[in-house]
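Source file: coords-v1.tsv; contents: TSV, C-alpha atoms.
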chain	number	residue	atom	x	y	z
A	286	LEU	CA	-19.16	-23.66	-5.66
A	287	ALA	CA	-20.98	-25.84	-3.13
A	288	GLU	CA	-23.17	-27.29	-5.88
A	289	SER	CA	-20.11	-27.93	-8.05
A	290	ASN	CA	-18.40	-29.77	-5.20
A	291	ARG	CA	-21.52	-31.83	-4.58
A	292	LEU	CA	-21.76	-32.88	-8.20
A	293	TYR	CA	-18.07	-33.78	-8.27
A	294	SER	CA	-18.52	-35.87	-5.12
A	295	VAL	CA	-21.50	-37.72	-6.62
A	296	LEU	CA	-19.55	-38.40	-9.82
A	297	ALA	CA	-16.45	-39.63	-8.01
A	298	GLU	CA	-18.40	-41.85	-5.61
A	299	HIS	CA	-20.37	-43.54	-8.40
A	300	ALA	CA	-17.59	-43.91	-10.98
A	301	SER	CA	-16.66	-47.43	-12.02
A	302	ASP	CA	-12.96	-46.56	-11.80
A	303	VAL	CA	-11.34	-45.75	-8.47
A	304	VAL	CA	-10.59	-42.10	-7.65
A	305	SER	CA	-8.22	-41.20	-4.83
A	306	LEU	CA	-6.88	-38.05	-3.17
A	307	VAL	CA	-3.46	-38.49	-1.61
A	308	ARG	CA	-1.44	-35.98	0.42
A	309	PRO	CA	2.13	-35.02	-0.57
A	310	ASP	CA	3.46	-37.43	2.09
A	311	GLY	CA	1.65	-40.32	0.37
A	312	VAL	CA	-1.13	-40.76	2.91
A	313	VAL	CA	-4.61	-41.45	1.54
A	314	GLU	CA	-6.96	-38.56	2.35
A	315	TRP	CA	-9.99	-39.80	0.40
A	316	ILE	CA	-10.82	-42.72	-1.90
A	317	SER	CA	-14.00	-43.56	-3.78
A	318	PRO	CA	-16.32	-46.41	-2.68
A	319	SER	CA	-15.58	-48.27	-5.94
A	320	ILE	CA	-12.36	-49.47	-4.29
A	321	ARG	CA	-14.49	-52.05	-2.47
A	322	MET	CA	-15.86	-53.58	-5.67
A	323	MET	CA	-12.44	-53.72	-7.33
A	324	MET	CA	-10.12	-54.52	-4.44
A	325	GLY	CA	-12.22	-55.62	-1.48
A	326	TRP	CA	-11.08	-52.69	0.68
A	327	THR	CA	-13.49	-50.16	2.17
A	328	PRO	CA	-12.52	-46.47	2.06
A	329	ALA	CA	-12.18	-46.59	5.86
A	330	ASP	CA	-9.57	-49.36	5.51
A	331	LEU	CA	-7.29	-47.13	3.45
A	332	ILE	CA	-7.86	-43.54	4.58
A	333	GLY	CA	-4.95	-42.52	6.78
A	334	THR	CA	-2.62	-45.21	5.40
A	335	ALA	CA	0.31	-44.87	2.99
A	336	ILE	CA	-0.76	-45.62	-0.57
A	337	THR	CA	2.61	-47.26	-1.26
A	338	ASP	CA	1.71	-49.98	1.28
A	339	LEU	CA	-0.46	-51.47	-1.48
A	340	VAL	CA	2.15	-51.34	-4.25
A	341	HIS	CA	3.80	-54.56	-5.42
A	342	PRO	CA	7.45	-54.63	-4.26
A	343	GLU	CA	8.68	-54.97	-7.85
A	344	ASP	CA	6.78	-51.83	-8.87
A	345	LEU	CA	7.57	-49.74	-5.81
A	346	GLU	CA	10.66	-47.97	-7.11
A	347	GLN	CA	9.05	-46.71	-10.30
A	348	VAL	CA	5.90	-45.66	-8.41
A	349	GLN	CA	7.98	-43.66	-5.93
A	350	GLU	CA	9.75	-41.97	-8.86
A	351	ARG	CA	6.36	-41.00	-10.32
A	352	HIS	CA	5.19	-39.66	-6.96
A	353	ALA	CA	8.34	-37.53	-6.71
A	354	LEU	CA	7.52	-35.98	-10.10
A	355	LEU	CA	3.94	-35.33	-8.96
A	356	ARG	CA	5.27	-33.48	-5.92
A	357	GLN	CA	7.11	-31.27	-8.42
A	358	GLY	CA	3.78	-30.47	-10.06
A	359	LEU	CA	4.12	-32.77	-13.07
A	360	PRO	CA	1.13	-34.94	-14.13
A	361	GLN	CA	1.93	-38.65	-14.52
A	362	HIS	CA	0.55	-41.74	-16.23
A	363	PHE	CA	1.88	-45.16	-15.19
A	364	GLU	CA	0.98	-48.79	-14.51
A	365	ALA	CA	1.49	-50.78	-11.33
A	366	ARG	CA	0.22	-53.76	-9.38
A	367	MET	CA	-1.80	-53.04	-6.23
A	368	ARG	CA	-2.60	-55.44	-3.38
A	369	ALA	CA	-6.25	-56.34	-2.89
A	370	ALA	CA	-7.81	-57.20	0.46
A	371	SER	CA	-7.44	-60.88	-0.51
A	372	GLY	CA	-3.67	-60.44	-0.70
A	373	ARG	CA	-3.57	-60.88	-4.47
A	374	TYR	CA	-2.33	-58.16	-6.79
A	375	ARG	CA	-4.17	-56.49	-9.67
A	376	TRP	CA	-2.77	-54.32	-12.45
A	377	PHE	CA	-3.99	-50.72	-12.66
A	378	SER	CA	-3.33	-47.85	-15.02
A	379	PHE	CA	-2.98	-44.59	-13.08
A	380	THR	CA	-3.62	-41.09	-14.37
A	381	SER	CA	-2.46	-38.69	-11.66
A	382	ARG	CA	-2.50	-34.91	-11.47
A	383	PRO	CA	-1.11	-32.63	-8.77
A	384	VAL	CA	-3.45	-30.47	-6.68
A	385	PHE	CA	-2.30	-26.94	-5.90
A	386	ASN	CA	-3.28	-24.72	-2.96
A	387	ALA	CA	-3.94	-20.99	-3.08
A	388	ASP	CA	-0.20	-20.28	-2.84
A	389	GLY	CA	0.53	-22.42	-5.89
A	390	GLU	CA	2.14	-25.20	-3.85
A	391	VAL	CA	1.39	-28.87	-4.41
A	392	SER	CA	-1.02	-29.95	-1.68
A	393	GLY	CA	-1.72	-33.44	-2.93
A	394	ARG	CA	-2.61	-35.47	-6.00
A	395	VAL	CA	-5.79	-36.84	-7.51
A	396	SER	CA	-5.49	-40.20	-9.26
A	397	GLY	CA	-7.82	-42.24	-11.41
A	398	TRP	CA	-7.30	-46.01	-11.18
A	399	HIS	CA	-8.32	-48.02	-14.25
A	400	ASP	CA	-8.30	-51.82	-13.90
A	401	ILE	CA	-6.12	-53.37	-16.65
A	402	ASN	CA	-5.58	-56.76	-15.03
A	403	ASN	CA	-7.10	-58.76	-17.91
A	404	GLU	CA	-5.35	-56.63	-20.53
A	405	MET	CA	-2.00	-56.98	-18.78
A	406	GLY	CA	-2.46	-60.74	-18.48
A	407	ALA	CA	-3.01	-60.91	-22.24
A	408	ARG	CA	0.04	-58.69	-22.82
A	409	LEU	CA	2.24	-60.90	-20.66
A	410	ARG	CA	1.02	-64.08	-22.35
A	411	LEU	CA	1.70	-62.53	-25.74
A	412	ALA	CA	5.20	-61.48	-24.67
A	413	GLU	CA	5.92	-65.01	-23.42
A	414	SER	CA	4.62	-66.50	-26.67
A	415	GLU	CA	6.69	-64.10	-28.76
A	416	GLU	CA	9.80	-64.94	-26.74
A	417	ARG	CA	9.23	-68.68	-27.24
A	418	ASN	CA	8.75	-68.08	-30.96
A	419	ARG	CA	11.88	-65.93	-31.10
A	420	LEU	CA	13.95	-68.63	-29.42
A	421	ALA	CA	12.47	-71.32	-31.68
A	422	MET	CA	13.24	-69.26	-34.76
A	423	SER	CA	16.76	-68.29	-33.75
A	424	ASN	CA	17.66	-71.89	-32.93
A	425	ALA	CA	15.84	-73.53	-35.85
A	426	PRO	CA	18.05	-75.59	-38.17
A	427	THR	CA	16.04	-74.28	-41.14
A	428	GLY	CA	16.21	-70.80	-42.61
A	429	MET	CA	13.49	-68.46	-41.31
A	430	ALA	CA	12.66	-64.77	-41.56
A	431	LEU	CA	10.03	-62.32	-40.33
A	432	LEU	CA	8.71	-59.83	-42.85
A	433	ASP	CA	6.59	-56.71	-42.55
A	434	ASP	CA	3.40	-56.18	-44.53
A	435	SER	CA	5.47	-54.82	-47.44
A	436	HIS	CA	7.45	-58.08	-47.56
A	437	HIS	CA	10.66	-56.54	-46.22
A	438	LEU	CA	12.80	-58.70	-43.93
A	439	VAL	CA	12.76	-57.46	-40.33
A	440	GLN	CA	14.32	-60.49	-38.65
A	441	VAL	CA	16.31	-63.47	-39.90
A	442	ASN	CA	17.92	-66.45	-38.26
A	443	ARG	CA	21.41	-67.79	-38.71
A	444	ALA	CA	20.32	-70.73	-40.84
A	445	LEU	CA	18.92	-68.38	-43.49
A	446	THR	CA	22.09	-66.28	-43.55
A	447	GLN	CA	24.04	-69.46	-44.16
A	448	MET	CA	21.70	-70.56	-46.94
A	449	VAL	CA	21.91	-67.32	-48.90
A	450	ARG	CA	25.48	-66.55	-47.78
A	451	LEU	CA	24.64	-63.05	-46.62
A	452	THR	CA	25.06	-61.48	-43.19
A	453	GLU	CA	22.09	-60.48	-41.04
A	454	ASP	CA	22.82	-56.79	-41.70
A	455	GLU	CA	22.87	-57.46	-45.45
A	456	LEU	CA	19.47	-59.18	-45.30
A	457	LEU	CA	17.53	-56.87	-42.98
A	458	GLY	CA	15.44	-54.35	-44.86
A	459	ARG	CA	15.62	-56.25	-48.13
A	460	ASN	CA	12.44	-57.16	-49.94
A	461	LEU	CA	11.67	-60.88	-50.05
A	462	THR	CA	11.59	-60.77	-53.85
A	463	THR	CA	15.29	-59.82	-53.99
A	464	LEU	CA	16.16	-63.30	-52.73
A	465	PHE	CA	14.82	-64.83	-55.93
A	466	ASP	CA	15.75	-64.70	-59.60
A	467	LEU	CA	14.32	-61.67	-61.42
A	468	ALA	CA	12.98	-63.99	-64.09
A	469	ASP	CA	10.54	-65.38	-61.50
A	470	GLY	CA	8.86	-62.04	-60.86
A	471	GLN	CA	5.56	-63.10	-62.41
A	472	VAL	CA	5.46	-66.28	-60.32
A	473	ILE	CA	6.03	-64.26	-57.15
A	474	ASP	CA	3.24	-61.85	-58.11
A	475	ASP	CA	0.91	-64.80	-58.73
A	476	VAL	CA	1.71	-66.31	-55.34
A	477	LEU	CA	1.11	-63.02	-53.52
A	478	ARG	CA	-2.14	-62.51	-55.42
A	479	ASP	CA	-3.40	-66.01	-54.63
A	480	THR	CA	-2.49	-65.55	-50.97
A	481	ARG	CA	-4.38	-62.29	-50.81
A	482	LEU	CA	-7.47	-63.71	-52.51
A	483	ALA	CA	-7.58	-67.31	-51.32
A	484	GLY	CA	-5.30	-67.34	-48.27
A	485	VAL	CA	-2.68	-69.57	-49.86
A	486	GLY	CA	-0.38	-69.46	-52.88
A	487	GLN	CA	2.30	-71.75	-54.30
A	488	GLY	CA	5.04	-71.57	-56.88
A	489	GLU	CA	8.49	-72.83	-57.87
A	490	LEU	CA	11.23	-70.19	-57.66
A	491	ARG	CA	14.98	-69.88	-57.97
A	492	LEU	CA	16.66	-68.82	-54.73
A	493	PHE	CA	19.97	-66.98	-54.76
A	494	THR	CA	22.43	-68.85	-52.53
A	495	GLY	CA	25.50	-66.68	-52.84
A	496	GLY	CA	26.93	-68.59	-55.77
A	497	HIS	CA	26.53	-68.03	-59.46
A	498	THR	CA	23.77	-70.63	-59.76
A	499	PRO	CA	20.33	-70.12	-58.11
A	500	ALA	CA	18.70	-73.12	-56.44
A	501	TRP	CA	15.14	-74.17	-57.23
A	502	VAL	CA	12.78	-74.05	-54.24
A	503	ALA	CA	9.16	-75.07	-53.73
A	504	PHE	CA	7.56	-71.86	-52.46
A	505	SER	CA	4.20	-71.59	-50.70
A	506	LEU	CA	2.47	-68.73	-48.99
A	507	ALA	CA	-0.35	-69.06	-46.44
A	508	ALA	CA	-2.26	-66.24	-44.73
A	509	PHE	CA	-3.83	-65.97	-41.29
A	510	ASP	CA	-5.01	-63.18	-38.99
A	511	HIS	CA	-2.45	-61.44	-36.78
A	512	ASP	CA	-4.20	-59.83	-33.80
A	513	HIS	CA	-1.28	-57.86	-32.40
A	514	GLY	CA	0.75	-55.24	-34.18
A	515	PRO	CA	1.24	-54.81	-37.90
A	516	ALA	CA	0.72	-57.65	-40.35
A	517	ARG	CA	3.79	-59.89	-40.53
A	518	PHE	CA	5.07	-62.62	-42.79
A	519	VAL	CA	7.02	-65.62	-41.56
A	520	ALA	CA	9.25	-67.16	-44.21
A	521	GLN	CA	10.56	-70.66	-43.65
A	522	PHE	CA	13.18	-72.43	-45.78
A	523	PRO	CA	13.62	-76.06	-44.63
A	524	LEU	CA	16.94	-77.74	-45.17
A	525	PRO	CA	17.37	-79.69	-48.43
A	526	ARG	CA	15.26	-82.81	-48.75
A	527	LEU	CA	14.47	-84.35	-52.16
A	528	PRO	CA	16.13	-82.00	-54.70
A	529	LEU	CA	13.42	-80.23	-56.65
A	530	CYS	CA	15.67	-80.15	-59.71
A	531	ALA	CA	15.51	-83.94	-59.81
A	532	LEU	CA	11.80	-83.58	-60.60
A	533	ARG	CA	12.33	-80.99	-63.34
A	534	THR	CA	13.29	-81.69	-66.94
A	535	ASP	CA	14.20	-78.13	-67.87
A	536	VAL	CA	16.95	-77.43	-65.35
A	537	ASN	CA	19.87	-78.52	-67.48
A	538	THR	CA	18.51	-76.73	-70.56
A	539	GLN	CA	18.37	-73.52	-68.52
A	540	GLY	CA	21.96	-73.99	-67.46
A	541	PHE	CA	21.35	-74.63	-63.77
A	542	LYS	CA	23.18	-77.24	-61.73
A	543	LYS	CA	21.36	-80.03	-59.94
A	544	SER	CA	22.06	-78.65	-56.46
A	545	CYS	CA	18.68	-77.53	-55.10
A	546	PHE	CA	16.80	-76.67	-51.94
A	547	VAL	CA	13.20	-77.56	-51.18
A	548	ALA	CA	11.65	-74.64	-49.27
A	549	VAL	CA	8.32	-73.73	-47.81
A	550	VAL	CA	7.45	-70.11	-47.07
A	551	ILE	CA	4.57	-69.52	-44.71
A	552	ALA	CA	3.22	-65.97	-44.54
A	553	THR	CA	0.97	-64.14	-42.12
A	554	THR	CA	-1.11	-61.09	-42.88
A	555	ARG	CA	-3.90	-59.16	-41.19
A	556	GLY	CA	-7.31	-60.26	-42.33
A	557	GLY	CA	-6.04	-61.54	-45.66
A	558	SER	CA	-5.16	-57.99	-46.75

Translate this file's structure into C-alpha cells.
Amino acid sequence: LAESNRLYSVLAEHASDVVSLVRPDGVVEWISPSIRMMMGWTPADLIGTAITDLVHPEDLEQVQERHALLRQGLPQHFEARMRAASGRYRWFSFTSRPVFNADGEVSGRVSGWHDINNEMGARLRLAESEERNRLAMSNAPTGMALLDDSHHLVQVNRALTQMVRLTEDELLGRNLTTLFDLADGQVIDDVLRDTRLAGVGQGELRLFTGGHTPAWVAFSLAAFDHDHGPARFVAQFPLPRLPLCALRTDVNTQGFKKSCFVAVVIATTRGGS
C-alpha cells in the first residue's frame, strides 16, 4: 500500500495536468506542483484556501452546483474559468470524482484540471463568426439557404421564402433539387459532379417561384473545406439583375415567360467530398 501511494504521488506531482484534492467544504487539501507552471500559483499559495475563490464570477453558480452533486457522491465533468496568479483567467476542463471514507461517506473530491484555454478561445471565435454570418444571412436582401451534406435545406432566410413563395417550415428538410424543374435533373447532377471533382460547377436551371412558370437562373457551385461540424452548403440567390431569359433564344419555344432571376449558388463541403 505504501509503495502504491508513493507511485501515485510521483505520478500526480509530475503530471502535466493539475491534480487537486479538495475537502467537502471546498478547502484545498493538496494540489500538484504543475499548478505553478499553468497558473503561477505555488501549492502553498492554495492549500488551506477555498477553491471557489479562484472561479470566475460568471462560472461560480454552475461550479457550486457541480460541487453539490460531488458531495452527493456523483462524479462530474465541467468547464470553468480559473484565476491565475497574474489575475487573468484561464479555461479548464475538470474531471472530478468523490472520495469516500471507510464508512462510505464522501470525504472529499479529486479533480483533474485540463487546460482548454486555446480551444475555448477558438470555440468562442467560431461562435462569434457563426452569429455574424447568421445575422448577415437573415438580413440579406437576397435569397440564401444552408444545406447539409446531403443537400437538404437546414436554414433559409426570408428573402428565399419570398422568392419561391414557400414558408420556412415548407422549405426546411427539402432537398435542393426540389426547388428546380425535374427536367433539369441531369444539369444538377453535372454541377454536383463537377463540384466534387474540380471544386466548382455551373449550370442554367429553372427555379420554381410559386407560380406556374419556372424562372431561369444561372447556377454555380463552389467547394471549400469546412473545419467545424458536418459539411454544409450555402446557397445564395441574388435578386434579379439582367434577366437570363433575355440571353436565351429557346425560352419562348419552351413556353416560358420572360420573367427570370439570375442566381448564384455557392456550396461548401468537407475536403471536396

For Arg450 (chain A), which residue out of A:Ser396, A:Thr494, A:Asn403, A:Asn386 is the nearest one, using only C-alpha atoms?
A:Thr494

Go through A:Thr380, A:Val449, A:Leu354, A:Leu457 and flag the residue nearest Ala500 (chain A), using all atoms listed in the file for the distances.
A:Val449

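Pairwise distance (CA of Pro318 (chain A), CA of Gln357 (chain A)) equals 28.5 Å.
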
Excluding region 343-348 of chain A and any residue of its chain fewer than 5 positions from it, enumerate the residues within 8 Å of it, using only C-alpha atoms, and give them as number ranges by chain.
A: 337, 363, 365-366

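If you look at CA of Glu314 (chain A) and CA of Phe379 (chain A), they are 17.0 Å away from each other.
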
9 Å contact set for Leu477 (chain A), all atoms listed in the file, chain neighbours under 5 positions out, as an NGL selection string:
:A and (472 or 482 or 485-487 or 506)

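Distances from A:Val312, A:Ala468, A:Ala425, A:Ala387 to Leu490 (chain A) were compared using only C-alpha atoms, and the smallest one belongs to A:Ala468.
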